[in-house]
$ cat run_31.cif   # mmCIF, N, CA and C atoms
data_target
loop_
_atom_site.label_atom_id
_atom_site.label_comp_id
_atom_site.auth_asym_id
_atom_site.auth_seq_id
_atom_site.Cartn_x
_atom_site.Cartn_y
_atom_site.Cartn_z
N GLN A 1 0.63 146.51 41.47
CA GLN A 1 1.72 147.46 41.66
C GLN A 1 2.09 148.06 40.31
N VAL A 2 2.22 149.37 40.27
CA VAL A 2 2.60 150.04 39.04
C VAL A 2 4.10 149.91 38.84
N GLN A 3 4.50 149.56 37.64
CA GLN A 3 5.92 149.48 37.33
C GLN A 3 6.19 150.09 35.98
N LEU A 4 7.39 150.58 35.84
CA LEU A 4 7.87 151.00 34.55
C LEU A 4 8.61 149.81 33.93
N VAL A 5 8.53 149.63 32.63
CA VAL A 5 9.06 148.44 31.97
C VAL A 5 10.20 148.82 31.04
N GLU A 6 11.38 148.31 31.37
CA GLU A 6 12.58 148.60 30.58
C GLU A 6 12.86 147.46 29.60
N SER A 7 13.49 147.81 28.48
CA SER A 7 13.93 146.81 27.51
C SER A 7 15.06 147.38 26.68
N GLY A 8 15.73 146.51 25.93
CA GLY A 8 16.74 146.97 24.98
C GLY A 8 18.17 146.71 25.37
N GLY A 9 18.40 146.13 26.54
CA GLY A 9 19.76 145.86 26.95
C GLY A 9 20.38 144.74 26.13
N GLY A 10 21.65 144.49 26.37
CA GLY A 10 22.35 143.43 25.66
C GLY A 10 23.82 143.49 25.93
N SER A 11 24.57 142.71 25.13
CA SER A 11 26.02 142.66 25.25
C SER A 11 26.64 143.24 23.99
N VAL A 12 27.56 144.17 24.18
CA VAL A 12 28.25 144.80 23.05
C VAL A 12 29.73 144.93 23.38
N GLN A 13 30.51 145.17 22.36
CA GLN A 13 31.92 145.47 22.57
C GLN A 13 32.10 146.97 22.79
N ALA A 14 33.21 147.32 23.39
CA ALA A 14 33.51 148.73 23.62
C ALA A 14 33.43 149.49 22.30
N GLY A 15 32.80 150.64 22.36
CA GLY A 15 32.59 151.46 21.18
C GLY A 15 31.24 151.23 20.53
N GLY A 16 30.53 150.20 20.98
CA GLY A 16 29.23 149.88 20.40
C GLY A 16 28.11 150.75 20.93
N SER A 17 26.89 150.48 20.44
CA SER A 17 25.72 151.27 20.80
C SER A 17 24.56 150.37 21.16
N LEU A 18 23.70 150.90 22.01
CA LEU A 18 22.44 150.27 22.36
C LEU A 18 21.40 151.37 22.57
N ARG A 19 20.13 151.02 22.37
CA ARG A 19 19.04 151.94 22.70
C ARG A 19 18.10 151.25 23.67
N LEU A 20 17.94 151.85 24.82
CA LEU A 20 17.04 151.33 25.84
C LEU A 20 15.68 152.04 25.72
N SER A 21 14.63 151.29 26.06
CA SER A 21 13.28 151.84 26.05
C SER A 21 12.63 151.64 27.41
N CYS A 22 11.80 152.59 27.79
CA CYS A 22 11.08 152.51 29.06
C CYS A 22 9.64 152.93 28.81
N VAL A 23 8.70 152.02 29.00
CA VAL A 23 7.29 152.33 28.86
C VAL A 23 6.75 152.73 30.23
N VAL A 24 6.14 153.90 30.26
CA VAL A 24 5.66 154.49 31.51
C VAL A 24 4.14 154.58 31.48
N PRO A 25 3.46 154.19 32.54
CA PRO A 25 2.00 154.38 32.58
C PRO A 25 1.65 155.83 32.30
N ARG A 26 0.61 156.02 31.49
CA ARG A 26 0.30 157.36 30.98
C ARG A 26 0.07 158.39 32.10
N ASN A 27 -0.62 157.99 33.12
CA ASN A 27 -0.92 158.95 34.19
C ASN A 27 0.34 159.43 34.90
N ILE A 28 1.36 158.61 34.88
CA ILE A 28 2.65 158.98 35.47
C ILE A 28 3.48 159.76 34.47
N PHE A 29 3.47 159.30 33.23
CA PHE A 29 4.29 159.91 32.19
C PHE A 29 3.95 161.39 31.98
N ARG A 30 2.66 161.69 32.01
CA ARG A 30 2.21 163.04 31.66
C ARG A 30 2.75 164.13 32.58
N ILE A 31 2.97 163.79 33.84
CA ILE A 31 3.21 164.84 34.83
C ILE A 31 4.57 164.74 35.51
N ASN A 32 5.41 163.81 35.07
CA ASN A 32 6.69 163.62 35.75
C ASN A 32 7.88 163.67 34.81
N SER A 33 8.98 164.21 35.33
CA SER A 33 10.26 163.95 34.68
C SER A 33 10.58 162.48 34.86
N VAL A 34 11.30 161.92 33.90
CA VAL A 34 11.68 160.50 33.95
C VAL A 34 13.19 160.38 33.83
N GLY A 35 13.74 159.48 34.60
CA GLY A 35 15.17 159.30 34.59
C GLY A 35 15.58 157.87 34.29
N TRP A 36 16.79 157.74 33.79
CA TRP A 36 17.45 156.44 33.67
C TRP A 36 18.49 156.36 34.77
N TYR A 37 18.52 155.22 35.44
CA TYR A 37 19.44 154.97 36.52
C TYR A 37 20.20 153.68 36.19
N ARG A 38 21.34 153.49 36.81
CA ARG A 38 22.07 152.24 36.61
C ARG A 38 22.72 151.79 37.91
N GLN A 39 22.87 150.47 37.99
CA GLN A 39 23.49 149.89 39.17
C GLN A 39 24.45 148.80 38.73
N ALA A 40 25.73 149.04 38.98
CA ALA A 40 26.76 148.05 38.72
C ALA A 40 26.90 147.15 39.95
N PRO A 41 27.45 145.95 39.78
CA PRO A 41 27.59 145.04 40.93
C PRO A 41 28.35 145.69 42.07
N GLY A 42 27.77 145.61 43.26
CA GLY A 42 28.43 146.14 44.44
C GLY A 42 28.37 147.65 44.61
N LYS A 43 27.61 148.30 43.72
CA LYS A 43 27.54 149.77 43.77
C LYS A 43 26.11 150.23 43.97
N THR A 44 25.96 151.51 44.21
CA THR A 44 24.63 152.08 44.43
C THR A 44 23.94 152.30 43.08
N ARG A 45 22.63 152.50 43.14
CA ARG A 45 21.85 152.77 41.95
C ARG A 45 21.85 154.29 41.72
N ASP A 46 22.50 154.71 40.65
CA ASP A 46 22.76 156.13 40.42
C ASP A 46 22.03 156.65 39.18
N LEU A 47 21.69 157.91 39.25
CA LEU A 47 21.07 158.57 38.10
C LEU A 47 22.08 158.74 36.97
N VAL A 48 21.63 158.44 35.75
CA VAL A 48 22.46 158.61 34.56
C VAL A 48 22.02 159.84 33.77
N ALA A 49 20.71 159.96 33.60
CA ALA A 49 20.16 161.07 32.84
C ALA A 49 18.69 161.20 33.19
N HIS A 50 18.15 162.40 33.02
CA HIS A 50 16.71 162.55 33.18
C HIS A 50 16.19 163.58 32.20
N ILE A 51 14.89 163.50 31.95
CA ILE A 51 14.27 164.41 30.98
C ILE A 51 12.97 164.92 31.58
N THR A 52 12.74 166.21 31.43
CA THR A 52 11.54 166.83 31.99
C THR A 52 10.34 166.61 31.07
N THR A 53 9.16 166.97 31.55
CA THR A 53 7.97 166.85 30.72
C THR A 53 8.08 167.75 29.48
N GLY A 54 8.85 168.80 29.59
CA GLY A 54 9.03 169.69 28.46
C GLY A 54 10.13 169.28 27.51
N GLY A 55 10.85 168.21 27.85
CA GLY A 55 11.88 167.70 26.96
C GLY A 55 13.29 168.16 27.25
N SER A 56 13.49 168.86 28.35
CA SER A 56 14.85 169.27 28.71
C SER A 56 15.59 168.09 29.33
N ALA A 57 16.81 167.86 28.84
CA ALA A 57 17.58 166.70 29.27
C ALA A 57 18.77 167.11 30.12
N ASN A 58 19.12 166.25 31.06
CA ASN A 58 20.29 166.46 31.91
C ASN A 58 21.03 165.14 32.04
N TYR A 59 22.37 165.23 32.08
CA TYR A 59 23.21 164.04 32.07
C TYR A 59 24.24 164.06 33.18
N GLU A 60 24.55 162.87 33.67
CA GLU A 60 25.68 162.71 34.56
C GLU A 60 26.95 162.90 33.74
N ASP A 61 27.99 163.43 34.38
CA ASP A 61 29.18 163.85 33.63
C ASP A 61 29.79 162.73 32.79
N SER A 62 29.81 161.51 33.31
CA SER A 62 30.53 160.44 32.61
C SER A 62 29.83 159.99 31.33
N VAL A 63 28.57 160.36 31.13
CA VAL A 63 27.86 159.94 29.92
C VAL A 63 27.56 161.11 29.00
N GLN A 64 27.85 162.31 29.47
CA GLN A 64 27.60 163.51 28.65
C GLN A 64 28.31 163.37 27.31
N GLY A 65 27.59 163.59 26.24
CA GLY A 65 28.17 163.51 24.91
C GLY A 65 28.13 162.11 24.30
N ARG A 66 27.81 161.12 25.09
CA ARG A 66 27.72 159.74 24.58
C ARG A 66 26.29 159.21 24.63
N PHE A 67 25.54 159.61 25.63
CA PHE A 67 24.16 159.13 25.81
C PHE A 67 23.19 160.26 25.48
N THR A 68 22.04 159.87 24.93
CA THR A 68 20.97 160.83 24.65
C THR A 68 19.65 160.28 25.17
N ILE A 69 18.99 161.05 26.01
CA ILE A 69 17.68 160.67 26.52
C ILE A 69 16.62 161.43 25.74
N SER A 70 15.51 160.74 25.45
CA SER A 70 14.42 161.39 24.73
C SER A 70 13.11 160.77 25.19
N ARG A 71 12.01 161.45 24.88
CA ARG A 71 10.70 160.93 25.26
C ARG A 71 9.73 161.05 24.10
N ASP A 72 8.91 160.02 23.92
CA ASP A 72 7.88 160.00 22.90
C ASP A 72 6.54 160.12 23.61
N ASN A 73 5.93 161.29 23.52
CA ASN A 73 4.71 161.55 24.26
C ASN A 73 3.53 160.73 23.74
N ALA A 74 3.55 160.36 22.49
CA ALA A 74 2.44 159.56 21.94
C ALA A 74 2.50 158.12 22.43
N GLU A 75 3.71 157.65 22.73
CA GLU A 75 3.88 156.25 23.13
C GLU A 75 4.18 156.08 24.62
N ASN A 76 4.17 157.17 25.38
CA ASN A 76 4.50 157.11 26.81
C ASN A 76 5.82 156.39 27.05
N THR A 77 6.79 156.67 26.22
CA THR A 77 8.06 155.93 26.26
C THR A 77 9.23 156.91 26.35
N VAL A 78 10.19 156.51 27.17
CA VAL A 78 11.44 157.27 27.28
C VAL A 78 12.57 156.37 26.77
N TYR A 79 13.42 156.95 25.97
CA TYR A 79 14.53 156.20 25.38
C TYR A 79 15.86 156.69 25.94
N LEU A 80 16.83 155.79 25.90
CA LEU A 80 18.22 156.17 26.20
C LEU A 80 19.09 155.59 25.10
N GLN A 81 19.53 156.46 24.22
CA GLN A 81 20.47 156.06 23.17
C GLN A 81 21.88 156.13 23.75
N MET A 82 22.58 155.03 23.71
CA MET A 82 23.91 154.95 24.30
C MET A 82 24.92 154.63 23.21
N ASN A 83 25.81 155.56 22.96
CA ASN A 83 26.85 155.39 21.95
C ASN A 83 28.23 155.34 22.61
N ASN A 84 29.18 154.80 21.87
CA ASN A 84 30.56 154.68 22.38
C ASN A 84 30.57 154.08 23.78
N LEU A 85 29.90 152.97 23.92
CA LEU A 85 29.82 152.32 25.23
C LEU A 85 31.19 151.83 25.68
N GLN A 86 31.42 151.90 26.97
CA GLN A 86 32.68 151.50 27.57
C GLN A 86 32.42 150.45 28.65
N PRO A 87 33.43 149.66 28.99
CA PRO A 87 33.23 148.63 30.02
C PRO A 87 32.65 149.17 31.33
N GLU A 88 33.00 150.40 31.67
CA GLU A 88 32.49 150.97 32.92
C GLU A 88 31.01 151.31 32.85
N ASP A 89 30.41 151.21 31.68
CA ASP A 89 28.96 151.40 31.54
C ASP A 89 28.19 150.12 31.86
N THR A 90 28.90 149.03 32.08
CA THR A 90 28.25 147.76 32.40
C THR A 90 27.46 147.89 33.70
N ALA A 91 26.17 147.56 33.64
CA ALA A 91 25.29 147.72 34.79
C ALA A 91 23.89 147.22 34.40
N VAL A 92 23.03 147.12 35.40
CA VAL A 92 21.60 146.99 35.14
C VAL A 92 21.03 148.39 35.08
N TYR A 93 20.31 148.67 34.02
CA TYR A 93 19.73 150.00 33.81
C TYR A 93 18.24 149.96 34.13
N TYR A 94 17.81 150.95 34.89
CA TYR A 94 16.43 151.08 35.32
C TYR A 94 15.90 152.46 34.93
N CYS A 95 14.60 152.53 34.74
CA CYS A 95 13.99 153.85 34.64
C CYS A 95 13.04 154.05 35.82
N ASN A 96 12.81 155.30 36.14
CA ASN A 96 11.93 155.69 37.24
C ASN A 96 11.65 157.15 37.01
N ILE A 97 10.71 157.68 37.74
CA ILE A 97 10.52 159.11 37.64
C ILE A 97 11.72 159.80 38.30
N PHE A 98 11.83 161.11 38.09
CA PHE A 98 12.87 161.89 38.73
C PHE A 98 12.20 163.02 39.48
N PRO A 99 12.48 163.11 40.77
CA PRO A 99 13.25 162.21 41.62
C PRO A 99 12.60 160.81 41.72
N ARG A 100 13.43 159.83 42.00
CA ARG A 100 12.96 158.45 42.02
C ARG A 100 11.89 158.22 43.08
N ARG A 101 11.07 157.19 42.81
CA ARG A 101 10.06 156.77 43.75
C ARG A 101 10.22 155.28 43.96
N SER A 102 10.31 154.86 45.19
CA SER A 102 10.73 153.49 45.48
C SER A 102 9.74 152.44 45.00
N ASP A 103 8.48 152.81 44.85
CA ASP A 103 7.48 151.82 44.46
C ASP A 103 7.35 151.67 42.95
N LEU A 104 8.19 152.34 42.18
CA LEU A 104 8.06 152.30 40.72
C LEU A 104 9.17 151.52 40.02
N TRP A 105 10.09 150.96 40.77
CA TRP A 105 11.18 150.24 40.12
C TRP A 105 10.66 149.03 39.35
N GLY A 106 11.18 148.86 38.13
CA GLY A 106 10.91 147.66 37.35
C GLY A 106 12.03 146.66 37.50
N GLN A 107 12.10 145.73 36.55
CA GLN A 107 13.10 144.67 36.61
C GLN A 107 14.46 145.13 36.11
N GLY A 108 14.48 146.19 35.34
CA GLY A 108 15.73 146.65 34.78
C GLY A 108 16.12 145.86 33.55
N THR A 109 17.14 146.35 32.86
CA THR A 109 17.67 145.66 31.69
C THR A 109 19.19 145.68 31.75
N GLN A 110 19.78 144.53 31.53
CA GLN A 110 21.24 144.38 31.69
C GLN A 110 21.97 144.90 30.46
N VAL A 111 22.98 145.70 30.71
CA VAL A 111 23.90 146.16 29.67
C VAL A 111 25.30 145.68 30.04
N THR A 112 25.91 144.96 29.13
CA THR A 112 27.25 144.44 29.36
C THR A 112 28.15 144.88 28.21
N VAL A 113 29.25 145.54 28.56
CA VAL A 113 30.19 146.03 27.56
C VAL A 113 31.54 145.37 27.79
N SER A 114 32.01 144.70 26.77
CA SER A 114 33.30 144.02 26.87
C SER A 114 34.39 144.83 26.18
N SER A 115 35.59 144.68 26.69
CA SER A 115 36.72 145.45 26.12
C SER A 115 37.39 144.71 24.98
#

$ encode --input "run_31.cif" --output "structure tokens"
Amino acid sequence: QVQLVESGGGSVQAGGSLRLSCVVPRNIFRINSVGWYRQAPGKTRDLVAHITTGGSANYEDSVQGRFTISRDNAENTVYLQMNNLQPEDTAVYYCNIFPRRSDLWGQGTQVTVSS
């Protein structure tokens, strides 16, 4: 089964930063937009940001100005730089193509922000 592999999560205090990484199989990376999604306990898995093959980025309103998504074409990797983290950002973060595909979910990476 093909999966995308996330890493970089951790525990930080409010106002802190983390950078998440997502390694994407090359055949998928080349032709798809890739998104970061998150799921907090008891909530749905929602899109946070996505980036097109051409590098155009789009953000959900609550992270606009705090998060930056980028892609490294040489490394088949998509990053999510998260600054000024807040407790409401606490969730498991996943990457997938955009629009999502159910067979590509990885294990996710936990982000915990304490106040």

$ closest_residue --input "run_31.cif" --among "A:Thr44, A:Thr53, A:Tyr79, A:Asp103" --to "A:Leu20" --atoms "all atoms listed in the file"
A:Tyr79

$ resolve_selection --input "run_31.cif" --expression "the PyMOL selection byres ((chain A and resi 90) around 6.5)" --output "ChimeraX atom specification"
/A:39-41,86-89,91-92,111-113

$ residues_near_point --input "run_31.cif" --point "(7.4, 171.9, 28.6)" --cutoff "12 Å" --atoms "only C-alpha atoms" --output "PDB file with N, CA and C atoms, keeping the file's coordinate frame"
ATOM      1  N   ARG A  30       2.660 161.690  32.010  1.00  0.00           N
ATOM      2  CA  ARG A  30       2.210 163.040  31.660  1.00  0.00           C
ATOM      3  C   ARG A  30       2.750 164.130  32.580  1.00  0.00           C
ATOM      4  N   ILE A  31       2.970 163.790  33.840  1.00  0.00           N
ATOM      5  CA  ILE A  31       3.210 164.840  34.830  1.00  0.00           C
ATOM      6  C   ILE A  31       4.570 164.740  35.510  1.00  0.00           C
ATOM      7  N   ASN A  32       5.410 163.810  35.070  1.00  0.00           N
ATOM      8  CA  ASN A  32       6.690 163.620  35.750  1.00  0.00           C
ATOM      9  C   ASN A  32       7.880 163.670  34.810  1.00  0.00           C
ATOM     10  N   SER A  33       8.980 164.210  35.330  1.00  0.00           N
ATOM     11  CA  SER A  33      10.260 163.950  34.680  1.00  0.00           C
ATOM     12  C   SER A  33      10.580 162.480  34.860  1.00  0.00           C
ATOM     13  N   ILE A  51      14.890 163.500  31.950  1.00  0.00           N
ATOM     14  CA  ILE A  51      14.270 164.410  30.980  1.00  0.00           C
ATOM     15  C   ILE A  51      12.970 164.920  31.580  1.00  0.00           C
ATOM     16  N   THR A  52      12.740 166.210  31.430  1.00  0.00           N
ATOM     17  CA  THR A  52      11.540 166.830  31.990  1.00  0.00           C
ATOM     18  C   THR A  52      10.340 166.610  31.070  1.00  0.00           C
ATOM     19  N   THR A  53       9.160 166.970  31.550  1.00  0.00           N
ATOM     20  CA  THR A  53       7.970 166.850  30.720  1.00  0.00           C
ATOM     21  C   THR A  53       8.080 167.750  29.480  1.00  0.00           C
ATOM     22  N   GLY A  54       8.850 168.800  29.590  1.00  0.00           N
ATOM     23  CA  GLY A  54       9.030 169.690  28.460  1.00  0.00           C
ATOM     24  C   GLY A  54      10.130 169.280  27.510  1.00  0.00           C
ATOM     25  N   GLY A  55      10.850 168.210  27.850  1.00  0.00           N
ATOM     26  CA  GLY A  55      11.880 167.700  26.960  1.00  0.00           C
ATOM     27  C   GLY A  55      13.290 168.160  27.250  1.00  0.00           C
ATOM     28  N   SER A  56      13.490 168.860  28.350  1.00  0.00           N
ATOM     29  CA  SER A  56      14.850 169.270  28.710  1.00  0.00           C
ATOM     30  C   SER A  56      15.590 168.090  29.330  1.00  0.00           C
ATOM     31  N   ALA A  57      16.810 167.860  28.840  1.00  0.00           N
ATOM     32  CA  ALA A  57      17.580 166.700  29.270  1.00  0.00           C
ATOM     33  C   ALA A  57      18.770 167.110  30.120  1.00  0.00           C
ATOM     34  N   ARG A  71      12.010 161.450  24.880  1.00  0.00           N
ATOM     35  CA  ARG A  71      10.700 160.930  25.260  1.00  0.00           C
ATOM     36  C   ARG A  71       9.730 161.050  24.100  1.00  0.00           C
ATOM     37  N   ASN A  73       5.930 161.290  23.520  1.00  0.00           N
ATOM     38  CA  ASN A  73       4.710 161.550  24.260  1.00  0.00           C
ATOM     39  C   ASN A  73       3.530 160.730  23.740  1.00  0.00           C
TER      40      ASN A  73
END

$ residues_around --input "run_31.cif" --residues "A:Asp61" --least-positions-apart "4" --cutoff "8 Å" --atoms "only N, CA and C atoms" --output "NGL selection string"
:A and (47-48 or 65)

$ closest_atom_pairs --input "run_31.cif" --of "stretch 26-93 of chain A" --to "stretch 12-16 of chain A" --cutoff "5 Å" --atoms "all atoms listed in the file" --output "Markdown table"
| residue | atom | partner | partner_atom | distance |
| --- | --- | --- | --- | --- |
| A:Asn83 | C | A:Gly16 | C | 4.9 |
| A:Asn84 | CA | A:Gly15 | C | 4.0 |
| A:Leu85 | C | A:Gly15 | N | 3.9 |
| A:Gln86 | CA | A:Ala14 | CA | 4.9 |

$ write_last_selection --input "run_31.cif" --atoms "N, CA and C atoms" --output "JSON list (two decimals), keeping the file's coordinate frame"
[["chain", "number", "residue", "atom", "x", "y", "z"],
["A", 83, "ASN", "N", 25.81, 155.56, 22.96],
["A", 83, "ASN", "CA", 26.85, 155.39, 21.95],
["A", 83, "ASN", "C", 28.23, 155.34, 22.61],
["A", 84, "ASN", "N", 29.18, 154.80, 21.87],
["A", 84, "ASN", "CA", 30.56, 154.68, 22.38],
["A", 84, "ASN", "C", 30.57, 154.08, 23.78],
["A", 85, "LEU", "N", 29.90, 152.97, 23.92],
["A", 85, "LEU", "CA", 29.82, 152.32, 25.23],
["A", 85, "LEU", "C", 31.19, 151.83, 25.68],
["A", 86, "GLN", "N", 31.42, 151.90, 26.97],
["A", 86, "GLN", "CA", 32.68, 151.50, 27.57],
["A", 86, "GLN", "C", 32.42, 150.45, 28.65]]

$ closest_residue --input "run_31.cif" --among "A:Arg38, A:Arg100, A:Arg45, A:Arg26" --to "A:Gly9" --atoms "only C-alpha atoms"
A:Arg38

$ select_by_dssp --input "run_31.cif" --residues "chain A" --states "alpha helix (DSSP H)" --output "JSON, numbers by chain"
{"A": [26, 27, 28, 29]}

$ decode --input "run_31.cif" --residues "stretch 20-42 of chain A" --atoms "N, CA and C atoms" --output "compact mmCIF listing (two decimals), in the first residue's frame"
# COMPACT_ATOMS: atom_id res chain seq x y z
N LEU A 20 6.79 20.51 9.96
CA LEU A 20 6.40 19.16 9.59
C LEU A 20 6.92 18.84 8.19
N SER A 21 7.25 17.56 7.99
CA SER A 21 7.71 17.09 6.69
C SER A 21 6.84 15.94 6.21
N CYS A 22 6.66 15.87 4.91
CA CYS A 22 5.87 14.79 4.31
C CYS A 22 6.62 14.30 3.08
N VAL A 23 7.06 13.06 3.10
CA VAL A 23 7.72 12.46 1.94
C VAL A 23 6.66 11.76 1.10
N VAL A 24 6.64 12.12 -0.17
CA VAL A 24 5.61 11.63 -1.10
C VAL A 24 6.27 10.78 -2.17
N PRO A 25 5.73 9.62 -2.49
CA PRO A 25 6.27 8.84 -3.61
C PRO A 25 6.35 9.68 -4.86
N ARG A 26 7.46 9.55 -5.58
CA ARG A 26 7.73 10.46 -6.70
C ARG A 26 6.63 10.46 -7.76
N ASN A 27 6.11 9.31 -8.07
CA ASN A 27 5.10 9.25 -9.13
C ASN A 27 3.83 9.99 -8.73
N ILE A 28 3.59 10.10 -7.45
CA ILE A 28 2.44 10.85 -6.95
C ILE A 28 2.78 12.32 -6.82
N PHE A 29 3.98 12.60 -6.32
CA PHE A 29 4.40 13.97 -6.07
C PHE A 29 4.39 14.81 -7.35
N ARG A 30 4.85 14.21 -8.44
CA ARG A 30 5.05 14.97 -9.68
C ARG A 30 3.77 15.56 -10.24
N ILE A 31 2.65 14.89 -10.02
CA ILE A 31 1.44 15.26 -10.77
C ILE A 31 0.29 15.71 -9.89
N ASN A 32 0.52 15.82 -8.58
CA ASN A 32 -0.58 16.16 -7.69
C ASN A 32 -0.28 17.36 -6.80
N SER A 33 -1.32 18.14 -6.53
CA SER A 33 -1.26 19.05 -5.40
C SER A 33 -1.22 18.22 -4.13
N VAL A 34 -0.56 18.74 -3.11
CA VAL A 34 -0.45 18.03 -1.83
C VAL A 34 -0.96 18.93 -0.71
N GLY A 35 -1.67 18.33 0.21
CA GLY A 35 -2.24 19.09 1.30
C GLY A 35 -1.84 18.56 2.65
N TRP A 36 -1.88 19.44 3.63
CA TRP A 36 -1.78 19.07 5.03
C TRP A 36 -3.17 19.14 5.63
N TYR A 37 -3.51 18.11 6.39
CA TYR A 37 -4.79 18.01 7.05
C TYR A 37 -4.54 17.79 8.53
N ARG A 38 -5.54 18.08 9.35
CA ARG A 38 -5.39 17.81 10.78
C ARG A 38 -6.70 17.32 11.36
N GLN A 39 -6.54 16.52 12.41
CA GLN A 39 -7.71 15.98 13.09
C GLN A 39 -7.50 16.07 14.59
N ALA A 40 -8.32 16.88 15.23
CA ALA A 40 -8.31 16.99 16.68
C ALA A 40 -9.24 15.93 17.25
N PRO A 41 -9.07 15.57 18.52
CA PRO A 41 -9.92 14.54 19.13
C PRO A 41 -11.40 14.89 19.00
N GLY A 42 -12.17 13.94 18.50
CA GLY A 42 -13.61 14.13 18.39
C GLY A 42 -14.06 14.99 17.22
